[in-house]
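Enquirer: input_30.cif (mmCIF, C-alpha atoms and all ligand atoms) pasted underneath:
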data_start
loop_
_atom_site.label_atom_id
_atom_site.label_comp_id
_atom_site.auth_asym_id
_atom_site.auth_seq_id
_atom_site.Cartn_x
_atom_site.Cartn_y
_atom_site.Cartn_z
CA MET Z 1 25.39 113.77 153.60
CA VAL Z 2 26.38 112.13 156.82
CA ASN Z 3 24.49 109.81 159.15
CA VAL Z 4 24.97 111.08 162.68
CA VAL Z 5 23.66 109.33 165.78
CA PHE Z 6 23.68 111.13 169.11
CA LEU Z 7 24.21 108.84 172.07
CA HIS Z 8 23.04 110.37 175.31
CA PRO Z 9 22.71 109.13 178.91
CA ASP Z 10 19.55 111.02 179.89
CA LEU Z 11 17.69 113.28 177.49
CA GLY Z 12 15.91 115.49 180.02
CA ILE Z 13 15.80 119.26 180.38
CA GLY Z 14 19.04 121.05 181.13
CA GLY Z 15 21.78 123.17 179.63
CA ALA Z 16 23.81 120.16 178.54
CA GLU Z 17 20.80 118.55 176.84
CA ARG Z 18 19.88 121.82 175.14
CA ALA Z 19 23.40 121.97 173.69
CA VAL Z 20 23.21 118.54 172.04
CA ILE Z 21 19.70 119.18 170.75
CA ASP Z 22 20.94 122.41 169.17
CA ALA Z 23 23.81 120.44 167.66
CA ALA Z 24 21.36 117.94 166.17
CA LEU Z 25 19.13 120.72 164.79
CA ALA Z 26 22.16 122.44 163.30
CA LEU Z 27 23.30 119.29 161.49
CA LYS Z 28 19.77 118.52 160.36
CA SER Z 29 19.49 122.02 158.87
CA ARG Z 30 22.52 121.17 156.72
CA GLY Z 31 20.83 118.06 155.36
CA HIS Z 32 22.52 115.42 157.52
CA THR Z 33 20.50 112.53 158.93
CA VAL Z 34 20.35 112.74 162.71
CA ARG Z 35 18.91 110.44 165.37
CA PHE Z 36 19.12 110.07 169.11
CA VAL Z 37 19.71 106.90 171.09
CA THR Z 38 19.42 107.44 174.83
CA ALA Z 39 19.25 105.46 178.06
CA HIS Z 40 16.40 107.63 179.30
CA HIS Z 41 13.71 109.76 177.68
CA ASP Z 42 10.58 110.83 179.52
CA VAL Z 43 8.04 112.62 177.28
CA GLY Z 44 6.75 114.38 180.40
CA HIS Z 45 10.15 115.95 181.00
CA CYS Z 46 12.04 116.69 177.81
CA PHE Z 47 12.57 119.35 175.18
CA GLU Z 48 9.75 119.76 172.67
CA GLU Z 49 11.90 118.85 169.65
CA THR Z 50 12.51 115.37 171.06
CA LYS Z 51 8.81 114.51 171.22
CA ASP Z 52 7.15 116.40 168.36
CA GLY Z 53 8.89 114.39 165.65
CA THR Z 54 11.56 116.98 164.82
CA LEU Z 55 14.23 114.66 166.21
CA MET Z 56 13.83 110.88 166.30
CA VAL Z 57 14.62 109.38 169.68
CA THR Z 58 15.08 105.73 170.62
CA SER Z 59 15.27 104.89 174.30
CA VAL Z 60 17.00 101.65 175.32
CA GLY Z 61 17.90 99.91 178.54
CA ASP Z 62 15.91 102.16 180.82
CA TRP Z 63 15.15 99.09 182.94
CA LEU Z 64 18.76 99.03 184.07
CA PRO Z 65 19.18 100.51 187.57
CA ARG Z 66 20.32 104.12 188.10
CA LYS Z 67 21.79 103.31 191.46
CA ILE Z 68 22.47 100.30 193.66
CA LEU Z 69 21.65 100.55 197.37
CA GLY Z 70 21.42 104.31 197.00
CA ARG Z 71 24.99 104.49 195.71
CA PHE Z 72 27.17 103.74 192.71
CA TYR Z 73 25.49 106.29 190.47
CA ALA Z 74 28.53 106.66 188.22
CA PHE Z 75 28.93 102.91 187.79
CA CYS Z 76 25.26 102.53 186.85
CA ALA Z 77 25.37 105.48 184.46
CA TYR Z 78 28.36 103.90 182.71
CA LEU Z 79 26.63 100.57 182.49
CA ARG Z 80 23.48 102.09 181.02
CA MET Z 81 25.48 104.01 178.44
CA ILE Z 82 27.53 100.94 177.44
CA TYR Z 83 24.31 98.97 177.02
CA ALA Z 84 22.83 101.72 174.80
CA ALA Z 85 26.05 101.76 172.77
CA ALA Z 86 25.96 97.98 172.31
CA TYR Z 87 22.37 98.23 171.12
CA LEU Z 88 23.32 100.99 168.69
CA VAL Z 89 26.28 99.13 167.22
CA PHE Z 90 24.94 95.56 167.10
CA PHE Z 91 21.15 95.67 166.96
CA SER Z 92 19.79 99.03 165.82
CA GLY Z 93 20.52 98.47 162.11
CA LEU Z 94 21.20 102.23 161.82
CA LYS Z 95 23.78 103.39 159.34
CA LEU Z 96 26.54 105.12 161.27
CA ASP Z 97 29.08 107.55 159.86
CA VAL Z 98 29.55 109.60 163.00
CA VAL Z 99 28.50 108.94 166.59
CA PHE Z 100 28.18 112.07 168.70
CA CYS Z 101 28.78 110.68 172.18
CA ASP Z 102 27.71 112.93 175.02
CA GLN Z 103 29.09 113.15 178.56
CA ILE Z 104 30.06 109.54 179.25
CA SER Z 105 33.11 108.21 177.46
CA ALA Z 106 33.11 104.66 178.87
CA CYS Z 107 31.08 103.37 175.92
CA ILE Z 108 33.54 104.60 173.27
CA PRO Z 109 35.40 101.24 172.99
CA VAL Z 110 32.07 99.65 172.03
CA LEU Z 111 31.28 102.44 169.58
CA ARG Z 112 34.68 102.02 167.94
CA LEU Z 113 33.66 98.50 166.88
CA SER Z 114 31.15 100.05 164.46
CA GLY Z 115 33.86 101.68 162.36
CA ALA Z 116 32.11 105.05 162.69
CA LYS Z 117 33.97 108.23 163.62
CA ILE Z 118 33.47 109.10 167.28
CA LEU Z 119 32.97 112.67 168.40
CA PHE Z 120 32.95 113.05 172.19
CA TYR Z 121 31.37 116.07 173.83
CA CYS Z 122 33.02 116.69 177.19
CA HIS Z 123 31.03 119.21 179.24
CA PHE Z 124 33.36 118.85 182.19
CA PRO Z 125 35.61 116.02 183.37
CA ASP Z 126 33.35 113.81 185.46
CA MET Z 127 36.18 113.04 187.85
CA LEU Z 128 36.24 116.64 189.02
CA LEU Z 129 32.55 116.73 189.76
CA THR Z 130 32.52 114.22 192.58
CA GLN Z 131 34.07 114.45 196.01
CA ARG Z 132 36.27 111.75 197.42
CA ARG Z 133 35.98 112.08 201.13
CA SER Z 134 36.47 108.49 202.19
CA PHE Z 135 39.02 105.87 201.31
CA LEU Z 136 36.26 103.59 200.01
CA LYS Z 137 35.00 106.32 197.72
CA ARG Z 138 38.49 106.83 196.37
CA LEU Z 139 38.86 103.10 195.89
CA TYR Z 140 35.56 102.99 193.99
CA ARG Z 141 36.41 106.02 191.85
CA ALA Z 142 39.98 105.02 190.95
CA PRO Z 143 39.07 102.54 188.19
CA ILE Z 144 36.23 104.78 187.02
CA ASP Z 145 38.57 107.76 186.67
CA TRP Z 146 41.11 105.58 184.89
CA LEU Z 147 38.42 104.37 182.51
CA GLU Z 148 37.20 107.91 181.87
CA GLU Z 149 40.65 109.04 180.81
CA LYS Z 150 41.49 105.95 178.72
CA THR Z 151 38.19 105.92 176.86
CA THR Z 152 38.12 109.67 176.28
CA GLY Z 153 41.42 109.15 174.51
CA MET Z 154 39.75 106.71 172.10
CA ALA Z 155 37.49 109.34 170.53
CA HIS Z 156 38.49 110.63 167.09
CA SER Z 157 37.70 114.14 168.15
CA VAL Z 158 36.77 115.85 171.42
CA LEU Z 159 34.54 118.89 171.78
CA VAL Z 160 34.37 121.10 174.84
CA ASN Z 161 32.01 123.97 175.63
CA SER Z 162 34.61 126.68 176.30
CA LYS Z 163 38.32 127.43 176.33
CA PHE Z 164 38.04 127.29 180.08
CA THR Z 165 36.85 123.66 179.94
CA ALA Z 166 39.58 122.92 177.38
CA GLY Z 167 42.13 124.11 179.94
CA VAL Z 168 40.58 121.96 182.63
CA PHE Z 169 40.60 119.03 180.19
CA ARG Z 170 44.34 119.40 179.60
CA ASP Z 171 45.10 119.73 183.32
CA THR Z 172 42.97 116.72 184.23
CA PHE Z 173 43.71 114.19 181.52
CA LYS Z 174 47.49 114.26 181.70
CA SER Z 175 47.96 111.31 179.39
CA LEU Z 176 45.90 112.85 176.58
CA THR Z 177 48.27 115.61 175.49
CA HIS Z 178 47.91 114.44 171.88
CA ILE Z 179 44.25 115.48 171.89
CA GLU Z 180 43.48 119.10 171.20
CA PRO Z 181 39.86 119.55 172.21
CA GLU Z 182 37.88 121.80 169.89
CA VAL Z 183 35.77 124.55 171.46
CA LEU Z 184 32.11 124.59 170.44
CA TYR Z 185 30.25 127.24 172.43
CA PRO Z 186 26.69 126.43 173.38
CA ILE Z 187 24.25 128.95 171.94
CA PRO Z 188 21.59 130.67 173.97
CA ASP Z 189 18.03 130.44 172.74
CA PHE Z 190 17.26 133.99 171.71
CA THR Z 191 13.60 133.45 170.75
CA ALA Z 192 12.40 134.76 174.11
CA PHE Z 193 14.48 137.91 173.56
CA ASP Z 194 13.06 138.59 170.11
CA GLN Z 195 9.57 139.23 171.53
CA PRO Z 196 8.39 142.83 171.92
CA VAL Z 197 9.87 144.52 174.99
CA GLU Z 198 7.45 146.20 177.36
CA PRO Z 199 8.48 149.46 179.00
CA PRO Z 200 9.38 149.02 182.65
CA SER Z 201 6.98 149.61 185.49
CA GLU Z 202 8.15 151.66 188.47
CA GLN Z 203 8.34 148.51 190.62
CA LEU Z 204 10.57 146.75 188.15
CA LEU Z 205 12.91 149.63 187.34
CA PRO Z 206 12.89 153.03 189.01
CA ALA Z 207 13.21 156.00 186.67
CA CYS Z 208 16.94 156.61 187.08
CA LYS Z 209 19.53 157.66 184.56
CA VAL Z 210 21.98 154.90 185.38
CA ILE Z 211 20.77 151.43 186.26
CA PHE Z 212 23.12 148.63 187.18
CA LEU Z 213 21.64 145.17 186.94
CA SER Z 214 22.73 141.84 188.37
CA ILE Z 215 21.03 138.65 187.20
CA ASN Z 216 22.02 135.51 189.05
CA ARG Z 217 20.56 132.96 191.40
CA TYR Z 218 20.73 133.73 195.12
CA GLU Z 219 23.70 131.45 195.69
CA ARG Z 220 26.87 132.28 197.57
CA LYS Z 221 29.15 131.10 194.81
CA LYS Z 222 27.66 133.80 192.57
CA ASN Z 223 29.19 136.38 194.90
CA LEU Z 224 26.30 138.84 194.60
CA SER Z 225 27.67 140.83 197.52
CA LEU Z 226 30.38 142.10 195.19
CA ALA Z 227 27.76 144.17 193.32
CA ILE Z 228 26.48 145.71 196.54
CA ARG Z 229 29.92 146.46 197.98
CA SER Z 230 30.97 148.00 194.69
CA LEU Z 231 27.93 150.26 194.73
CA ALA Z 232 28.86 151.31 198.27
CA LEU Z 233 32.34 152.24 197.14
CA LEU Z 234 30.96 154.12 194.15
CA LYS Z 235 28.78 156.11 196.51
CA GLU Z 236 31.80 157.00 198.59
CA GLU Z 237 33.77 158.10 195.55
CA LEU Z 238 30.99 160.14 193.97
CA SER Z 239 29.77 161.36 197.37
CA SER Z 240 26.19 160.69 196.25
CA LEU Z 241 24.23 158.27 194.13
CA ASP Z 242 21.72 160.60 192.57
CA ASP Z 243 20.08 158.96 189.59
CA VAL Z 244 21.97 155.69 190.13
CA HIS Z 245 20.23 152.45 191.05
CA LEU Z 246 21.12 148.79 191.37
CA VAL Z 247 18.65 146.00 190.61
CA MET Z 248 19.50 142.59 192.03
CA ALA Z 249 17.40 140.08 190.09
CA GLY Z 250 17.78 136.41 190.67
CA GLY Z 251 16.21 132.99 190.62
CA TYR Z 252 14.90 132.20 194.06
CA ASP Z 253 13.26 129.10 195.45
CA GLU Z 254 11.53 129.29 198.82
CA ARG Z 255 12.41 125.63 199.43
CA VAL Z 256 16.13 126.15 199.02
CA ASN Z 257 17.73 127.22 202.28
CA GLU Z 258 20.75 128.80 200.70
CA ASN Z 259 18.53 131.09 198.58
CA LYS Z 260 16.61 132.24 201.65
CA GLU Z 261 19.65 132.83 203.82
CA TYR Z 262 21.71 134.56 201.19
CA PHE Z 263 18.85 136.84 200.24
CA LYS Z 264 18.43 137.84 203.89
CA GLU Z 265 22.12 138.43 204.26
CA LEU Z 266 22.23 140.65 201.17
CA SER Z 267 19.26 142.77 202.17
CA HIS Z 268 20.81 143.15 205.60
CA MET Z 269 24.11 144.22 204.05
CA THR Z 270 22.30 146.77 201.89
CA LYS Z 271 20.76 148.38 204.97
CA GLU Z 272 24.06 148.33 206.87
CA LEU Z 273 25.73 150.14 204.01
CA ASN Z 274 22.94 152.72 203.84
CA LEU Z 275 22.04 151.70 200.32
CA ALA Z 276 18.45 150.56 200.82
CA LYS Z 277 16.98 153.30 198.66
CA HIS Z 278 19.42 152.60 195.84
CA VAL Z 279 18.92 148.84 195.61
CA THR Z 280 15.90 146.81 194.51
CA PHE Z 281 15.77 143.06 195.03
CA LEU Z 282 13.75 140.94 192.64
CA ARG Z 283 13.18 137.33 193.48
CA SER Z 284 12.23 135.33 190.40
CA PHE Z 285 10.98 137.13 187.33
CA SER Z 286 9.32 136.30 184.01
CA ASP Z 287 11.00 136.17 180.60
CA ALA Z 288 9.17 139.39 179.70
CA GLU Z 289 10.59 141.12 182.78
CA LYS Z 290 14.06 139.85 181.98
CA ARG Z 291 13.83 141.37 178.50
CA THR Z 292 12.76 144.69 179.95
CA LEU Z 293 15.49 144.63 182.58
CA LEU Z 294 18.22 143.93 180.05
CA LYS Z 295 16.96 146.44 177.55
CA TYR Z 296 16.51 149.34 179.95
CA SER Z 297 19.54 148.83 182.21
CA THR Z 298 22.77 150.71 181.64
CA CYS Z 299 24.95 147.70 182.26
CA LEU Z 300 25.02 144.19 183.69
CA LEU Z 301 27.21 143.36 186.69
CA TYR Z 302 28.24 139.73 186.47
CA THR Z 303 29.89 138.79 189.76
CA PRO Z 304 30.77 135.05 189.87
CA SER Z 305 34.40 133.97 189.58
CA ASN Z 306 35.44 130.90 187.57
CA GLU Z 307 32.02 130.46 185.99
CA HIS Z 308 32.38 127.62 183.44
CA PHE Z 309 30.61 129.54 180.74
CA GLY Z 310 27.78 131.82 181.83
CA ILE Z 311 24.90 132.43 179.45
CA VAL Z 312 23.55 135.66 181.01
CA PRO Z 313 26.36 137.91 179.72
CA ILE Z 314 25.60 136.70 176.19
CA GLU Z 315 21.89 137.36 176.64
CA ALA Z 316 22.74 140.83 177.93
CA MET Z 317 24.95 141.61 174.95
CA TYR Z 318 22.22 140.35 172.64
CA MET Z 319 19.95 142.95 174.24
CA LYS Z 320 22.69 145.58 173.70
CA CYS Z 321 23.47 145.78 177.40
CA PRO Z 322 27.21 146.02 178.18
CA VAL Z 323 28.67 143.71 180.83
CA VAL Z 324 31.07 144.26 183.70
CA ALA Z 325 32.31 140.83 184.78
CA VAL Z 326 35.05 139.11 186.73
CA ARG Z 327 38.18 138.40 184.73
CA SER Z 328 38.05 134.59 184.92
CA GLY Z 329 36.14 131.64 183.48
CA GLY Z 330 33.59 132.07 180.70
CA PRO Z 331 33.51 135.90 180.58
CA LEU Z 332 37.14 135.87 179.41
CA GLU Z 333 35.81 134.41 176.18
CA THR Z 334 32.39 136.00 175.92
CA ILE Z 335 33.26 139.62 176.73
CA ALA Z 336 35.71 141.77 174.79
CA HIS Z 337 37.35 144.03 177.38
CA GLY Z 338 36.86 147.71 176.59
CA GLU Z 339 34.75 146.85 173.57
CA THR Z 340 31.59 145.15 174.83
CA GLY Z 341 32.13 145.69 178.55
CA PHE Z 342 34.87 145.47 181.15
CA LEU Z 343 36.69 142.56 182.79
CA CYS Z 344 37.65 143.27 186.38
CA GLU Z 345 39.29 141.70 189.41
CA PRO Z 346 36.62 140.50 191.85
CA THR Z 347 37.10 143.54 194.06
CA PRO Z 348 34.79 146.46 194.80
CA LYS Z 349 37.65 148.79 193.80
CA ASP Z 350 37.88 147.42 190.26
CA PHE Z 351 34.13 147.01 189.78
CA ALA Z 352 33.39 150.50 191.07
CA ALA Z 353 35.96 151.97 188.67
CA ALA Z 354 34.19 150.31 185.72
CA MET Z 355 30.76 151.37 187.00
CA ARG Z 356 31.96 154.93 187.36
CA LYS Z 357 32.76 155.08 183.65
CA PHE Z 358 29.08 154.49 182.88
CA VAL Z 359 27.96 157.14 185.35
CA GLU Z 360 30.35 159.74 183.97
CA ASN Z 361 29.92 159.01 180.29
CA GLY Z 362 26.35 158.98 178.99
CA THR Z 363 27.20 157.55 175.56
CA LEU Z 364 29.44 154.69 176.68
CA ALA Z 365 26.63 152.20 177.33
CA GLU Z 366 25.12 152.65 173.91
CA LYS Z 367 28.43 152.21 172.14
CA LEU Z 368 29.47 149.10 174.07
CA GLY Z 369 25.95 147.71 173.83
CA LYS Z 370 25.96 147.85 170.05
CA ALA Z 371 29.37 146.21 169.87
CA GLY Z 372 28.10 143.48 172.20
CA TYR Z 373 25.21 142.66 169.90
CA GLU Z 374 27.55 142.36 166.93
CA ARG Z 375 29.89 140.11 168.87
CA VAL Z 376 27.05 137.78 169.81
CA MET Z 377 25.89 137.53 166.22
CA LYS Z 378 29.40 136.72 165.05
CA LYS Z 379 30.41 134.22 167.71
CA PHE Z 380 27.33 132.88 169.48
CA SER Z 381 24.52 132.69 166.94
CA PHE Z 382 22.89 129.58 165.51
CA VAL Z 383 24.42 130.36 162.11
CA ALA Z 384 27.96 130.54 163.54
CA PHE Z 385 27.38 127.38 165.59
CA THR Z 386 26.02 125.49 162.56
CA SER Z 387 28.92 126.35 160.25
CA GLN Z 388 31.48 125.36 162.84
CA LEU Z 389 29.84 122.04 163.65
CA ASP Z 390 29.27 121.23 160.00
CA ASN Z 391 32.98 121.80 159.36
CA ILE Z 392 33.95 119.57 162.27
CA ILE Z 393 31.77 116.74 160.93
CA GLY Z 394 33.09 117.25 157.42
CA GLN Z 395 36.70 117.00 158.55
CA LEU Z 396 36.05 114.00 160.71
CA CYS Z 397 34.62 112.10 157.76
CA GLU Z 398 37.51 113.08 155.47
CA ASP Z 399 40.28 111.88 157.79
C1 LIG Z 401 33.61 138.00 196.21
O1 LIG Z 401 33.51 139.40 196.41
C2 LIG Z 401 34.31 139.90 197.47
C3 LIG Z 401 34.00 141.37 197.62
O2 LIG Z 401 32.65 141.54 197.95
C4 LIG Z 401 35.77 139.66 197.16
O3 LIG Z 401 36.58 140.09 198.22
C5 LIG Z 401 35.99 138.15 196.94
O4 LIG Z 401 37.31 137.90 196.54
C6 LIG Z 401 35.04 137.62 195.88
N1 LIG Z 401 35.14 136.16 195.83
C7 LIG Z 401 35.58 135.51 194.74
C8 LIG Z 401 35.58 134.04 194.84
O5 LIG Z 401 35.92 136.09 193.75
C1 LIG Z 402 32.46 158.46 176.24
O1 LIG Z 402 32.51 157.17 175.67
C2 LIG Z 402 32.57 157.18 174.26
C3 LIG Z 402 32.45 155.75 173.79
O2 LIG Z 402 33.46 154.94 174.29
C4 LIG Z 402 33.86 157.85 173.81
O3 LIG Z 402 33.95 157.86 172.41
C5 LIG Z 402 33.94 159.27 174.39
O4 LIG Z 402 35.18 159.85 174.08
C6 LIG Z 402 33.72 159.27 175.87
N1 LIG Z 402 33.57 160.61 176.36
C7 LIG Z 402 34.27 161.06 177.40
C8 LIG Z 402 33.97 162.47 177.80
O5 LIG Z 402 35.08 160.39 178.00
#
Can you turn what I pasted into structure tokens?

Expert:
Amino acid sequence: MVNVVFLHPDLGIGGAERAVIDAALALKSRGHTVRFVTAHHDVGHCFEETKDGTLMVTSVGDWLPRKILGRFYAFCAYLRMIYAAAYLVFFSGLKLDVVFCDQISACIPVLRLSGAKILFYCHFPDMLLTQRRSFLKRLYRAPIDWLEEKTTGMAHSVLVNSKFTAGVFRDTFKSLTHIEPEVLYPIPDFTAFDQPVEPPSEQLLPACKVIFLSINRYERKKNLSLAIRSLALLKEELSSLDDVHLVMAGGYDERVNENKEYFKELSHMTKELNLAKHVTFLRSFSDAEKRTLLKYSTCLLYTPSNEHFGIVPIEAMYMKCPVVAVRSGGPLETIAHGETGFLCEPTPKDFAAAMRKFVENGTLAEKLGKAGYERVMKKFSFVAFTSQLDNIIGQLCED
């Protein structure tokens, strides 16, 4: 059995944190010893497993600043992570076979001093996440970017969360062609979807034969208008939309301007296109409603382009709901074209053609839905995730 320590910059609540916690639970379930060392852990804002004793967490160096004069966030984050790494290697007394280093690679040279194998989890190259508008900003980022690339190259193995990120990794870190990042998909938490599903109320889902569903936050980059324009085209082609409805469900926060504006714009567009009676807008919804929506809809329309991964299509397939999505980013990997849904160009023409198939063929949704569920179980379940990670750790320790 292997001693694995997870080193993390900030163990709060988010998709990236969920992924490493799942990784720790997976390794623990195979009998490995796992622990967390982190620069920040707030028991008021963290995942349950990190405070109920399931996973041991040590927080070090939280007194170090997160920013200086309202700036230099990256520099401070690096410093905090290096400090935590130094603690882990020189003072913690923990036995280390593998260190699972998350997000920040700058501390890897310190970790290498321990003799342990270093596994680096790269969610996305940090250097692509910040803008460099000014010369000073570029000057500040240049050594940081250099350091990110050099230190990433010092890991024994690199994990990424999708093939898409692997491609970005190769394009960004030009000097690291010798590293072939391994893809470890994050796994959705299906517990909420295993609860009993309530039948839909009339407000949630009108009684129509074909229901198209979009689930995405009211943000422009999600391109929700594509769903509405595609429905308009479908109406033109079929000359009527009897028994066809579109539900636009999405996270919405009254305090976020973009949410408010985009929602207004979309409802306006719906009226302009004479679709008001065929479209329902839902702003924010419960887990129970989400289950019902996914179970009783004919298919999910997933409109964003270049989404890094996208968890909603997987949740939909788990609920046996086929997915029509844009042919780019995460859906290229999650959806099997023609088998569990359809991958389309981000145009109303292509989307409407896929939607039409569901209108004209009453058995298509059921068939694709079933295949979707099987695909999720094979590729995106906790069991699949655990075997893959356990193999990665095993190989790392053999080399
Ligand atoms: C968003 O959808 C529109 C059609 O409504 C399409 O023309 C456009 O290319 C899409 N944008 C992206 C980024 O895919
Ligand atoms: C409807 O879809 C099913 C499942 O893909 C397929 O087997 C069947 O041939 C289709 N029916 C028609 C009329 O296209």

Enquirer: Given all atoms listed in the file as the basis, pick out the residue of Z:Ile144, Z:Ala24, Z:Leu224, Z:Val110 nearest to Phe263 in chain Z.

Expert: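 Ranking Z:Ile144, Z:Ala24, Z:Leu224, Z:Val110 by distance to Phe263 in chain Z, first place goes to Z:Leu224.
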
Enquirer: So that I can see what lies close to Asp97 in chain Z, please list as a ChimeraX atom specification the residues with an atom at most 10 Å from it, counting only C-alpha atoms and leaving out residues fewer than 5 positions away in the same chain.

Expert: /Z:1-5,33,114-118,393,396-397

Enquirer: So that I can check the surroundings of range 171-175 of chain Z, please list as JSON, numbers by chain every protein, DNA and RNA residue that reaches within 8 Å of it, counting all atoms listed in the file and ignoring chain neighbours fewer than 3 positions away.

Expert: {"Z": [125, 149, 167, 168]}

Enquirer: Could you pull the residues within 10 Å of range 327-338 of chain Z, counting all atoms listed in the file, minus those fewer than 4 positions along the same chain, as a ChimeraX atom specification?

Expert: /Z:161-165,185,302-314,317,322-323,342-346,354,368,371-372,375-376,379-380

Enquirer: Please tabulate, as CSV, the residues of chain Z that come within 6 Å of ligand LIG 401 (chain Z), each with its closest pair of atoms and the distance in Å to one decimal, counting all atoms listed in the file and ordering rows by chain, then residue number upward.

Expert:
residue,atom,partner,partner_atom,distance
Z:Asn223,CA,Z:LIG401,C1,4.9
Z:Ser225,CA,Z:LIG401,O2,5.0
Z:Leu226,CA,Z:LIG401,O2,3.6
Z:Arg229,CA,Z:LIG401,O2,5.6
Z:Ser305,CA,Z:LIG401,O5,4.9
Z:Pro346,CA,Z:LIG401,O5,4.9
Z:Thr347,CA,Z:LIG401,C4,5.1
Z:Pro348,CA,Z:LIG401,C3,5.9

Enquirer: What does the file look like for those residues with C-alpha atoms, as a PDB file, keeping the file's coordinate frame?

Expert:
ATOM      1  CA  ASN Z 223      29.190 136.380 194.900  1.00  0.00           C
ATOM      2  CA  SER Z 225      27.670 140.830 197.520  1.00  0.00           C
ATOM      3  CA  LEU Z 226      30.380 142.100 195.190  1.00  0.00           C
ATOM      4  CA  ARG Z 229      29.920 146.460 197.980  1.00  0.00           C
ATOM      5  CA  SER Z 305      34.400 133.970 189.580  1.00  0.00           C
ATOM      6  CA  PRO Z 346      36.620 140.500 191.850  1.00  0.00           C
ATOM      7  CA  THR Z 347      37.100 143.540 194.060  1.00  0.00           C
ATOM      8  CA  PRO Z 348      34.790 146.460 194.800  1.00  0.00           C
TER       9      PRO Z 348
END

Enquirer: Hey, which residues sit close to ligand LIG 402 (chain Z)? Say within 9 Å, counting all atoms listed in the file, and write them as a ChimeraX atom specification.

Expert: /Z:338-339,357-358,360-368

Enquirer: Go through Z:Val210, Z:Asp287, Z:Lys235, Z:Thr386 one by one, measure the shortest atom-to-atom distance of each to Leu300 in chain Z using all atoms listed in the file, and give the residue with the smallest value.

Expert: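 Distance minimum relative to Leu300 in chain Z lands on Z:Val210.
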
Enquirer: So, counting all atoms listed in the file, which residue among Z:Tyr296, Z:Tyr373, Z:Tyr318, Z:Phe72 is closest to Lys137 in chain Z?

Expert: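 Closest to Lys137 in chain Z of all the choices is Z:Phe72.
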
Enquirer: Please determine the residues with any atom at most 12 Å from (30.6, 124.9, 165.9) (coordinates as given in the file, with all atoms listed in the file counting) and report them as a PyMOL selection string.

Expert: chain Z and resi 19-20+22-24+26-27+121+159-162+182-187+378-394

Enquirer: Based on the selection just made, write C-alpha atoms of those residues as a PDB file, in the coordinates of the input.

Expert:
ATOM      1  CA  ALA Z  19      23.400 121.970 173.690  1.00  0.00           C
ATOM      2  CA  VAL Z  20      23.210 118.540 172.040  1.00  0.00           C
ATOM      3  CA  ASP Z  22      20.940 122.410 169.170  1.00  0.00           C
ATOM      4  CA  ALA Z  23      23.810 120.440 167.660  1.00  0.00           C
ATOM      5  CA  ALA Z  24      21.360 117.940 166.170  1.00  0.00           C
ATOM      6  CA  ALA Z  26      22.160 122.440 163.300  1.00  0.00           C
ATOM      7  CA  LEU Z  27      23.300 119.290 161.490  1.00  0.00           C
ATOM      8  CA  TYR Z 121      31.370 116.070 173.830  1.00  0.00           C
ATOM      9  CA  LEU Z 159      34.540 118.890 171.780  1.00  0.00           C
ATOM     10  CA  VAL Z 160      34.370 121.100 174.840  1.00  0.00           C
ATOM     11  CA  ASN Z 161      32.010 123.970 175.630  1.00  0.00           C
ATOM     12  CA  SER Z 162      34.610 126.680 176.300  1.00  0.00           C
ATOM     13  CA  GLU Z 182      37.880 121.800 169.890  1.00  0.00           C
ATOM     14  CA  VAL Z 183      35.770 124.550 171.460  1.00  0.00           C
ATOM     15  CA  LEU Z 184      32.110 124.590 170.440  1.00  0.00           C
ATOM     16  CA  TYR Z 185      30.250 127.240 172.430  1.00  0.00           C
ATOM     17  CA  PRO Z 186      26.690 126.430 173.380  1.00  0.00           C
ATOM     18  CA  ILE Z 187      24.250 128.950 171.940  1.00  0.00           C
ATOM     19  CA  LYS Z 378      29.400 136.720 165.050  1.00  0.00           C
ATOM     20  CA  LYS Z 379      30.410 134.220 167.710  1.00  0.00           C
ATOM     21  CA  PHE Z 380      27.330 132.880 169.480  1.00  0.00           C
ATOM     22  CA  SER Z 381      24.520 132.690 166.940  1.00  0.00           C
ATOM     23  CA  PHE Z 382      22.890 129.580 165.510  1.00  0.00           C
ATOM     24  CA  VAL Z 383      24.420 130.360 162.110  1.00  0.00           C
ATOM     25  CA  ALA Z 384      27.960 130.540 163.540  1.00  0.00           C
ATOM     26  CA  PHE Z 385      27.380 127.380 165.590  1.00  0.00           C
ATOM     27  CA  THR Z 386      26.020 125.490 162.560  1.00  0.00           C
ATOM     28  CA  SER Z 387      28.920 126.350 160.250  1.00  0.00           C
ATOM     29  CA  GLN Z 388      31.480 125.360 162.840  1.00  0.00           C
ATOM     30  CA  LEU Z 389      29.840 122.040 163.650  1.00  0.00           C
ATOM     31  CA  ASP Z 390      29.270 121.230 160.000  1.00  0.00           C
ATOM     32  CA  ASN Z 391      32.980 121.800 159.360  1.00  0.00           C
ATOM     33  CA  ILE Z 392      33.950 119.570 162.270  1.00  0.00           C
ATOM     34  CA  ILE Z 393      31.770 116.740 160.930  1.00  0.00           C
ATOM     35  CA  GLY Z 394      33.090 117.250 157.420  1.00  0.00           C
TER      36      GLY Z 394
END

Enquirer: What separation in Å, quoted to one decimal, exists between CA of Ala86 in chain Z and CA of Pro65 in chain Z?

Expert: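 These two atoms are separated by 16.9 Å.
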
Enquirer: Set the distance at 7 Å and use only C-alpha atoms: which residues neighbour Leu213 in chain Z once local chain neighbours fewer than 4 positions away are removed? I'd like the list as number ranges by chain.

Expert: Z: 246-248, 297, 299-301
